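Undergrad: query.txt (compact mmCIF, C-alpha atoms and all ligand atoms) pasted underneath:
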# COMPACT_ATOMS: atom_id res chain seq x y z
CA VAL A 1 -26.63 -3.97 -13.78
CA ASP A 2 -28.82 -7.05 -13.81
CA SER A 3 -28.54 -8.96 -10.53
CA LYS A 4 -29.01 -12.21 -12.47
CA ASN A 5 -25.55 -11.71 -13.95
CA LEU A 6 -23.80 -11.65 -10.55
CA LEU A 7 -20.53 -13.59 -10.95
CA TYR A 8 -18.88 -12.85 -7.64
CA GLU A 9 -19.70 -10.99 -4.46
CA GLY A 10 -16.84 -9.88 -2.25
CA LYS A 11 -16.88 -7.95 1.02
CA ALA A 12 -16.98 -4.53 -0.67
CA LYS A 13 -17.48 -5.15 -4.39
CA SER A 14 -19.71 -7.18 -6.70
CA VAL A 15 -18.79 -8.37 -10.16
CA TYR A 16 -21.37 -8.85 -12.94
CA GLY A 17 -21.12 -10.47 -16.34
CA THR A 18 -21.98 -8.58 -19.53
CA GLU A 19 -22.86 -9.59 -23.10
CA ASN A 20 -19.16 -9.25 -23.90
CA PRO A 21 -17.40 -12.39 -22.56
CA ASP A 22 -14.14 -10.42 -22.13
CA GLU A 23 -15.67 -7.71 -19.91
CA VAL A 24 -17.26 -7.52 -16.48
CA ILE A 25 -18.93 -4.76 -14.48
CA MET A 26 -17.38 -4.05 -11.10
CA GLU A 27 -19.68 -2.44 -8.58
CA PHE A 28 -18.11 -0.71 -5.57
CA ARG A 29 -20.51 -0.98 -2.62
CA ASP A 30 -20.57 1.15 0.52
CA ASP A 31 -19.89 -1.86 2.77
CA MET A 32 -16.87 -1.70 5.03
CA THR A 33 -15.59 -4.70 6.94
CA ALA A 34 -12.67 -5.42 9.24
CA GLY A 35 -11.27 -8.37 11.14
CA ASP A 36 -12.23 -11.04 8.56
CA GLY A 37 -15.72 -9.56 8.40
CA ALA A 38 -16.19 -9.49 12.19
CA ARG A 39 -17.15 -5.79 11.90
CA HIS A 40 -19.43 -4.60 9.13
CA GLU A 41 -20.80 -1.09 8.55
CA THR A 42 -22.24 0.81 5.62
CA MET A 43 -20.18 3.92 4.95
CA GLY A 44 -21.75 6.91 3.20
CA LYS A 45 -20.19 7.50 -0.20
CA LYS A 46 -17.42 4.89 0.02
CA GLY A 47 -18.35 3.18 -3.26
CA TYR A 48 -18.45 6.57 -4.97
CA TYR A 49 -14.99 7.61 -3.72
CA ASN A 50 -13.24 4.24 -4.14
CA SER A 51 -14.50 3.68 -7.69
CA ILE A 52 -13.30 7.10 -8.83
CA ILE A 53 -9.99 6.86 -6.91
CA THR A 54 -9.31 3.39 -8.39
CA SER A 55 -10.15 4.63 -11.91
CA LYS A 56 -7.78 7.58 -11.56
CA ILE A 57 -4.94 5.46 -10.13
CA PHE A 58 -5.34 2.75 -12.79
CA GLU A 59 -5.28 5.44 -15.51
CA ILE A 60 -2.03 6.82 -14.10
CA LEU A 61 -0.56 3.30 -13.95
CA GLU A 62 -1.59 2.68 -17.59
CA GLU A 63 0.21 5.90 -18.56
CA ASN A 64 3.27 4.34 -16.91
CA ASP A 65 2.98 1.09 -18.88
CA ILE A 66 1.33 -1.05 -16.22
CA LYS A 67 -1.50 -3.09 -17.73
CA THR A 68 -4.68 -2.91 -15.66
CA GLN A 69 -8.17 -4.35 -15.67
CA PHE A 70 -9.70 -0.86 -15.92
CA LEU A 71 -11.65 0.04 -19.06
CA GLU A 72 -14.09 2.78 -18.14
CA LEU A 73 -15.80 4.55 -15.25
CA ILE A 74 -19.43 4.08 -16.32
CA LYS A 75 -20.72 6.14 -13.41
CA PRO A 76 -19.55 6.70 -9.84
CA GLY A 77 -19.59 3.29 -8.16
CA THR A 78 -19.55 1.31 -11.41
CA LEU A 79 -16.55 0.35 -13.56
CA LYS A 80 -16.33 -1.53 -16.81
CA THR A 81 -13.29 -3.82 -16.55
CA LEU A 82 -11.53 -6.59 -18.39
CA LYS A 83 -12.58 -10.03 -17.27
CA LEU A 84 -9.66 -11.66 -15.48
CA ASP A 85 -9.08 -15.03 -13.92
CA MET A 86 -7.91 -13.74 -10.54
CA ILE A 87 -4.86 -15.20 -8.82
CA PRO A 88 -5.75 -15.67 -5.11
CA ILE A 89 -2.64 -13.89 -3.88
CA GLU A 90 -2.58 -10.52 -2.10
CA VAL A 91 0.70 -8.84 -2.99
CA ILE A 92 1.59 -6.36 -0.26
CA VAL A 93 4.32 -3.73 -0.56
CA ARG A 94 5.53 -1.93 2.55
CA ASN A 95 7.53 1.32 2.59
CA ARG A 96 7.11 1.71 6.35
CA ALA A 97 6.66 -0.86 9.07
CA THR A 98 3.18 -0.87 10.61
CA GLY A 99 0.06 -3.02 10.89
CA SER A 100 0.49 -6.78 10.83
CA LEU A 101 4.22 -6.42 10.20
CA VAL A 102 4.85 -4.84 13.61
CA ARG A 103 2.47 -7.29 15.27
CA THR A 104 4.39 -10.24 13.80
CA TYR A 105 8.03 -9.09 13.75
CA PRO A 106 10.15 -6.82 15.96
CA PHE A 107 9.99 -3.71 13.76
CA GLU A 108 9.33 -0.36 15.35
CA ASP A 109 6.11 1.24 14.09
CA GLY A 110 6.78 3.79 11.35
CA THR A 111 10.31 2.59 10.47
CA ILE A 112 11.18 3.40 6.86
CA LEU A 113 11.82 0.24 4.84
CA ASN A 114 14.25 0.85 2.01
CA PRO A 115 14.25 -1.32 -0.03
CA PRO A 116 10.55 -1.94 0.50
CA ILE A 117 9.24 -5.27 1.76
CA VAL A 118 7.17 -7.37 -0.64
CA GLN A 119 4.91 -9.92 1.00
CA MET A 120 2.42 -12.36 -0.48
CA ASP A 121 -0.62 -13.61 1.40
CA TYR A 122 -2.97 -16.38 0.33
CA LYS A 123 -6.38 -14.77 -0.20
CA ASP A 124 -8.68 -17.10 1.71
CA ASP A 125 -10.99 -15.96 4.52
CA ASP A 126 -11.34 -19.47 5.98
CA PHE A 127 -7.57 -19.61 6.50
CA HIS A 128 -7.32 -15.91 7.49
CA ASP A 129 -5.08 -14.92 4.55
CA PRO A 130 -1.87 -16.66 5.72
CA MET A 131 1.49 -15.40 4.49
CA LEU A 132 3.00 -17.43 1.66
CA ASN A 133 6.50 -18.26 0.67
CA GLU A 134 7.53 -19.26 -2.84
CA THR A 135 7.44 -23.01 -2.25
CA ILE A 136 4.04 -22.91 -0.50
CA ALA A 137 2.57 -20.83 -3.35
CA GLU A 138 3.97 -23.27 -5.91
CA ALA A 139 2.81 -26.34 -3.97
CA LEU A 140 -0.71 -24.87 -3.78
CA ASN A 141 -0.56 -24.29 -7.56
CA LEU A 142 -1.34 -20.61 -7.06
CA ALA A 143 1.38 -19.53 -9.48
CA THR A 144 4.62 -20.70 -11.04
CA LYS A 145 8.04 -19.50 -9.90
CA GLU A 146 8.22 -17.21 -12.96
CA GLU A 147 4.75 -15.82 -12.28
CA LEU A 148 5.67 -15.11 -8.66
CA GLU A 149 8.71 -13.16 -9.88
CA THR A 150 6.45 -11.21 -12.26
CA LEU A 151 4.02 -10.39 -9.44
CA LYS A 152 6.87 -9.14 -7.28
CA SER A 153 8.47 -6.96 -9.95
CA LEU A 154 5.10 -5.53 -11.05
CA ALA A 155 4.24 -4.71 -7.43
CA LEU A 156 7.57 -2.93 -6.96
CA LYS A 157 7.10 -0.95 -10.18
CA ILE A 158 3.59 0.01 -9.08
CA ASN A 159 5.06 1.09 -5.75
CA GLN A 160 7.52 3.43 -7.47
CA ILE A 161 4.82 5.02 -9.61
CA LEU A 162 2.32 5.39 -6.79
CA SER A 163 4.84 6.61 -4.20
CA LYS A 164 5.70 9.47 -6.56
CA MET A 165 2.07 10.12 -7.39
CA PHE A 166 1.09 10.35 -3.71
CA GLU A 167 4.16 12.41 -2.83
CA ALA A 168 2.94 15.05 -5.31
CA ILE A 169 -0.22 15.46 -3.23
CA ASP A 170 1.60 15.39 0.14
CA ILE A 171 0.76 11.84 1.05
CA ILE A 172 3.08 9.05 2.18
CA LEU A 173 2.27 5.68 0.63
CA VAL A 174 2.98 3.58 3.74
CA ASP A 175 1.87 0.22 2.34
CA PHE A 176 -0.70 -1.24 -0.02
CA LYS A 177 -2.14 -4.46 -1.39
CA VAL A 178 -2.65 -5.37 -5.03
CA GLU A 179 -4.18 -8.36 -6.76
CA PHE A 180 -3.50 -9.68 -10.23
CA GLY A 181 -5.32 -11.88 -12.69
CA LYS A 182 -4.85 -13.41 -16.12
CA ASP A 183 -6.63 -12.29 -19.28
CA SER A 184 -7.89 -14.75 -21.90
CA LYS A 185 -4.37 -14.98 -23.35
CA GLY A 186 -2.72 -15.67 -19.99
CA ASN A 187 -1.14 -12.24 -19.57
CA ILE A 188 -0.77 -11.13 -15.95
CA ILE A 189 -2.75 -7.93 -15.40
CA LEU A 190 -3.34 -5.71 -12.37
CA GLY A 191 -6.91 -6.14 -11.16
CA ASP A 192 -9.26 -5.38 -8.28
CA GLU A 193 -8.86 -1.90 -6.76
CA ILE A 194 -6.33 0.52 -5.36
CA SER A 195 -8.09 2.78 -2.90
CA PRO A 196 -7.98 3.90 0.74
CA ASP A 197 -9.47 0.46 1.52
CA SER A 198 -6.31 -1.24 0.27
CA CYS A 199 -3.58 1.29 1.09
CA ARG A 200 -2.23 2.98 4.19
CA LEU A 201 -1.93 6.68 3.40
CA TRP A 202 -0.48 9.22 5.81
CA ASP A 203 -0.54 12.98 5.42
CA SER A 204 3.12 13.96 4.82
CA LYS A 205 3.02 16.92 7.21
CA THR A 206 0.82 15.72 10.09
CA LEU A 207 1.22 11.94 9.60
CA ASP A 208 -2.58 11.72 10.06
CA MET A 209 -4.09 8.49 8.73
CA LEU A 210 -6.28 8.95 5.64
CA ASP A 211 -7.42 5.38 4.99
CA LYS A 212 -9.31 2.34 6.24
CA GLU A 213 -7.03 2.01 9.29
CA LEU A 214 -9.31 4.63 10.90
CA PHE A 215 -12.17 2.13 10.66
CA ARG A 216 -10.03 -0.76 11.90
CA GLN A 217 -9.18 1.35 14.96
CA GLY A 218 -12.82 2.32 15.57
CA HIS A 219 -12.71 5.96 14.42
CA ASP A 220 -15.72 5.32 12.18
CA ASP A 221 -16.83 8.97 12.18
CA GLU A 222 -13.54 10.07 10.56
CA VAL A 223 -13.44 7.51 7.76
CA MET A 224 -15.46 9.25 5.05
CA ASN A 225 -13.71 12.61 5.63
CA ALA A 226 -10.39 10.86 5.06
CA TYR A 227 -11.59 9.21 1.84
CA GLU A 228 -12.99 12.54 0.64
CA GLU A 229 -9.60 14.14 1.33
CA ILE A 230 -7.78 11.54 -0.79
CA TYR A 231 -10.43 11.95 -3.51
CA ASN A 232 -10.05 15.74 -3.55
CA ARG A 233 -6.26 15.71 -3.59
CA LEU A 234 -6.06 13.06 -6.32
CA LEU A 235 -8.88 14.29 -8.55
CA THR A 236 -8.29 18.05 -8.16
CA ASP A 237 -4.85 18.88 -6.75
CA TYR A 238 -2.88 16.19 -8.62
CA ASP A 239 -3.57 17.53 -12.12
CA LYS A 240 -2.47 21.03 -11.05
CA LYS A 241 1.02 19.75 -10.15
O1 LIG A 301 -2.75 -5.57 7.81
P1 LIG A 301 -1.45 -5.45 7.06
O2 LIG A 301 -0.44 -4.60 7.78
O3 LIG A 301 -0.89 -6.78 6.64
O4 LIG A 301 -1.84 -4.67 5.72
C1 LIG A 301 -0.86 -4.27 4.78
C2 LIG A 301 -1.54 -3.48 3.67
O5 LIG A 301 -2.37 -4.33 2.89
C3 LIG A 301 -2.45 -2.36 4.14
O6 LIG A 301 -2.35 -1.27 3.26
C4 LIG A 301 -3.84 -2.95 4.07
O7 LIG A 301 -4.81 -1.96 3.81
C5 LIG A 301 -3.71 -3.89 2.89
N1 LIG A 301 -4.56 -5.08 3.01
C6 LIG A 301 -5.67 -5.22 2.21
N2 LIG A 301 -6.45 -6.33 2.30
C7 LIG A 301 -6.14 -7.32 3.15
C8 LIG A 301 -5.01 -7.21 3.98
C9 LIG A 301 -4.23 -6.07 3.87
O8 LIG A 301 -5.97 -4.32 1.40
N3 LIG A 301 -6.91 -8.41 3.21
What does the file become when written as structure tokens?
Ligand code: C5P
TA:
Amino acid sequence: VDSKNLLYEGKAKSVYGTENPDEVIMEFRDDMTAGDGARHETMGKKGYYNSIITSKIFEILEENDIKTQFLELIKPGTLKTLKLDMIPIEVIVRNRATGSLVRTYPFEDGTILNPPIVQMDYKDDDFHDPMLNETIAEALNLATKEELETLKSLALKINQILSKMFEAIDIILVDFKVEFGKDSKGNIILGDEISPDSCRLWDSKTLDMLDKELFRQGHDDEVMNAYEEIYNRLLTDYDKK
């Protein structure tokens, strides 16, 4: 990719323009941050694993009629994707109570949430990603009431598909975050990534964490082994099921 075409640089990914106005290149870097960027490390093959894991998950979602930004894994670390106008909302689905939910509300850690909780946060570092409600999101012009309903129902459908997918490889999908954008025609499409950076994944048998929470809790030396484990189960074991 040509650095002159850099459109956007996030904390772990960079997006580049191409000759095709409807497509962008998404580069998964090895950077790992936590606490609004307060901690920053470079982690081995993170870009390699997350790009391939995201590609695989988006392919499975497409097979289940969820439209995604994914077009092609050009090489490990680099995806060709549809250009979207991203909606600055992080849609979080929770099947078990943990993380910020148990810090904010009196849930016991690990409690199964059925039906799952859907939460929307405003994606803005300066404001520390505050939780939204429908009227705040509408007042900020982030989305219409109908669009918010669409985001919620898409997130729940994605949760059903991914919970089953992870169950097949002995992983509990505890919670995850997704982001959506609009294509040139205004259709709402799943974008960004779904990876161990954006999900909490627990081994079904041991309940060991296999995701970025290890980094948040300072177990930096275990992070890449966990990502490799998810990569191996999803890219090798899953297709044998
Ligand atoms: O920290 P919290 O409990 O709110 O996180 C819920 C889920 O959303 C977790 O899976 C976490 O990895 C994901 N998340 C994310 N990006 C954020 C905040 C949360 O991917 N900025």
Undergrad: Using only C-alpha atoms, which of the listed residues (A:Val91, A:Ile25, A:Leu71, A:Leu113) sits closest to Glu149 in chain A?
TA: A:Val91
Undergrad: For ligand LIG 301 (chain A), which of A:Thr150, A:Thr135, A:Thr42, A:Thr33 is the closest residue, counting all atoms listed in the file?
TA: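 Checking each candidate against ligand LIG 301 (chain A), we get A:Thr33 as the closest.
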Undergrad: Nearest residue to Ile169 in chain A out of A:Lys123, A:Arg200, A:Lys145, A:Arg233, using all atoms listed in the file?
TA: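 Ranked by minimum distance to Ile169 in chain A, first place goes to A:Arg233.
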Undergrad: Ranking A:Leu234, A:Leu214, A:Ala139, A:Val174 by minimum distance to Met32 in chain A and counting only C-alpha atoms, which one comes first?
TA: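 Closest to Met32 in chain A, using only C-alpha atoms: A:Leu214.
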Undergrad: Which neighbours of Asp85 in chain A fall inside 7 Å, counting all atoms listed in the file, when residues of the same chain fewer than 4 positions from it are skipped, and could you give them as a PDB file with C-alpha atoms, in the frame of the given file?
TA:
ATOM      1  CA  GLY A 181      -5.320 -11.880 -12.690  1.00  0.00           C
ATOM      2  CA  LYS A 182      -4.850 -13.410 -16.120  1.00  0.00           C
ATOM      3  CA  ASP A 183      -6.630 -12.290 -19.280  1.00  0.00           C
TER       4      ASP A 183
END
Undergrad: Output as AutoDock Vina command-line options the centre and edge lengths (Å, one decimal) of the box along x, y and z of the file that holds every listed atom of ligand LIG 301 (chain A) after adding 4 Å on each side.
TA:
--center_x -3.7 --center_y -4.8 --center_z 4.6 --size_x 14.5 --size_y 15.1 --size_z 14.4
Undergrad: For range 49-76 of chain A, supply N, CA and C atoms and format the output as a short mmCIF file (atom, residue, chain, number, x, y, z; two decimals), keeping the file's coordinate frame.
TA:
data_model
loop_
_atom_site.label_atom_id
_atom_site.label_comp_id
_atom_site.auth_asym_id
_atom_site.auth_seq_id
_atom_site.Cartn_x
_atom_site.Cartn_y
_atom_site.Cartn_z
N TYR A 49 -16.40 7.18 -3.80
CA TYR A 49 -14.99 7.61 -3.72
C TYR A 49 -14.05 6.52 -4.25
N ASN A 50 -14.21 5.28 -3.77
CA ASN A 50 -13.24 4.24 -4.14
C ASN A 50 -13.26 3.92 -5.63
N SER A 51 -14.44 3.98 -6.25
CA SER A 51 -14.50 3.68 -7.69
C SER A 51 -13.77 4.76 -8.49
N ILE A 52 -13.94 6.00 -8.09
CA ILE A 52 -13.30 7.10 -8.83
C ILE A 52 -11.80 7.13 -8.53
N ILE A 53 -11.42 6.89 -7.27
CA ILE A 53 -9.99 6.86 -6.91
C ILE A 53 -9.29 5.72 -7.66
N THR A 54 -9.90 4.53 -7.66
CA THR A 54 -9.31 3.39 -8.39
C THR A 54 -9.17 3.70 -9.87
N SER A 55 -10.21 4.29 -10.48
CA SER A 55 -10.15 4.63 -11.91
C SER A 55 -8.98 5.56 -12.19
N LYS A 56 -8.85 6.59 -11.37
CA LYS A 56 -7.78 7.58 -11.56
C LYS A 56 -6.39 6.92 -11.41
N ILE A 57 -6.24 6.11 -10.37
CA ILE A 57 -4.94 5.46 -10.13
C ILE A 57 -4.62 4.48 -11.26
N PHE A 58 -5.60 3.70 -11.71
CA PHE A 58 -5.34 2.75 -12.79
C PHE A 58 -5.01 3.48 -14.09
N GLU A 59 -5.62 4.64 -14.32
CA GLU A 59 -5.28 5.44 -15.51
C GLU A 59 -3.82 5.91 -15.44
N ILE A 60 -3.42 6.36 -14.27
CA ILE A 60 -2.03 6.82 -14.10
C ILE A 60 -1.06 5.64 -14.28
N LEU A 61 -1.42 4.48 -13.77
CA LEU A 61 -0.56 3.30 -13.95
C LEU A 61 -0.47 2.92 -15.43
N GLU A 62 -1.59 2.98 -16.14
CA GLU A 62 -1.59 2.68 -17.59
C GLU A 62 -0.64 3.64 -18.33
N GLU A 63 -0.69 4.91 -17.94
CA GLU A 63 0.21 5.90 -18.56
C GLU A 63 1.67 5.54 -18.31
N ASN A 64 1.91 4.77 -17.25
CA ASN A 64 3.27 4.34 -16.91
C ASN A 64 3.52 2.89 -17.29
N ASP A 65 2.76 2.41 -18.29
CA ASP A 65 2.98 1.09 -18.88
C ASP A 65 2.69 -0.11 -17.98
N ILE A 66 1.83 0.09 -16.99
CA ILE A 66 1.33 -1.05 -16.22
C ILE A 66 -0.04 -1.41 -16.79
N LYS A 67 -0.20 -2.67 -17.19
CA LYS A 67 -1.50 -3.09 -17.73
C LYS A 67 -2.47 -3.33 -16.58
N THR A 68 -3.66 -2.75 -16.70
CA THR A 68 -4.68 -2.91 -15.66
C THR A 68 -5.99 -3.41 -16.25
N GLN A 69 -6.84 -3.84 -15.34
CA GLN A 69 -8.17 -4.35 -15.67
C GLN A 69 -9.12 -3.23 -16.09
N PHE A 70 -8.78 -1.99 -15.75
CA PHE A 70 -9.70 -0.86 -15.92
C PHE A 70 -9.99 -0.56 -17.39
N LEU A 71 -11.27 -0.40 -17.72
CA LEU A 71 -11.65 0.04 -19.06
C LEU A 71 -12.34 1.40 -19.03
N GLU A 72 -13.29 1.56 -18.11
CA GLU A 72 -14.09 2.78 -18.14
C GLU A 72 -14.86 2.98 -16.84
N LEU A 73 -14.92 4.21 -16.37
CA LEU A 73 -15.80 4.55 -15.25
C LEU A 73 -17.17 4.85 -15.86
N ILE A 74 -18.10 3.91 -15.71
CA ILE A 74 -19.43 4.08 -16.32
C ILE A 74 -20.19 5.18 -15.59
N LYS A 75 -20.17 5.11 -14.28
CA LYS A 75 -20.72 6.14 -13.41
C LYS A 75 -20.10 5.93 -12.04
N PRO A 76 -20.14 6.93 -11.16
CA PRO A 76 -19.55 6.70 -9.84
C PRO A 76 -20.10 5.41 -9.21
#
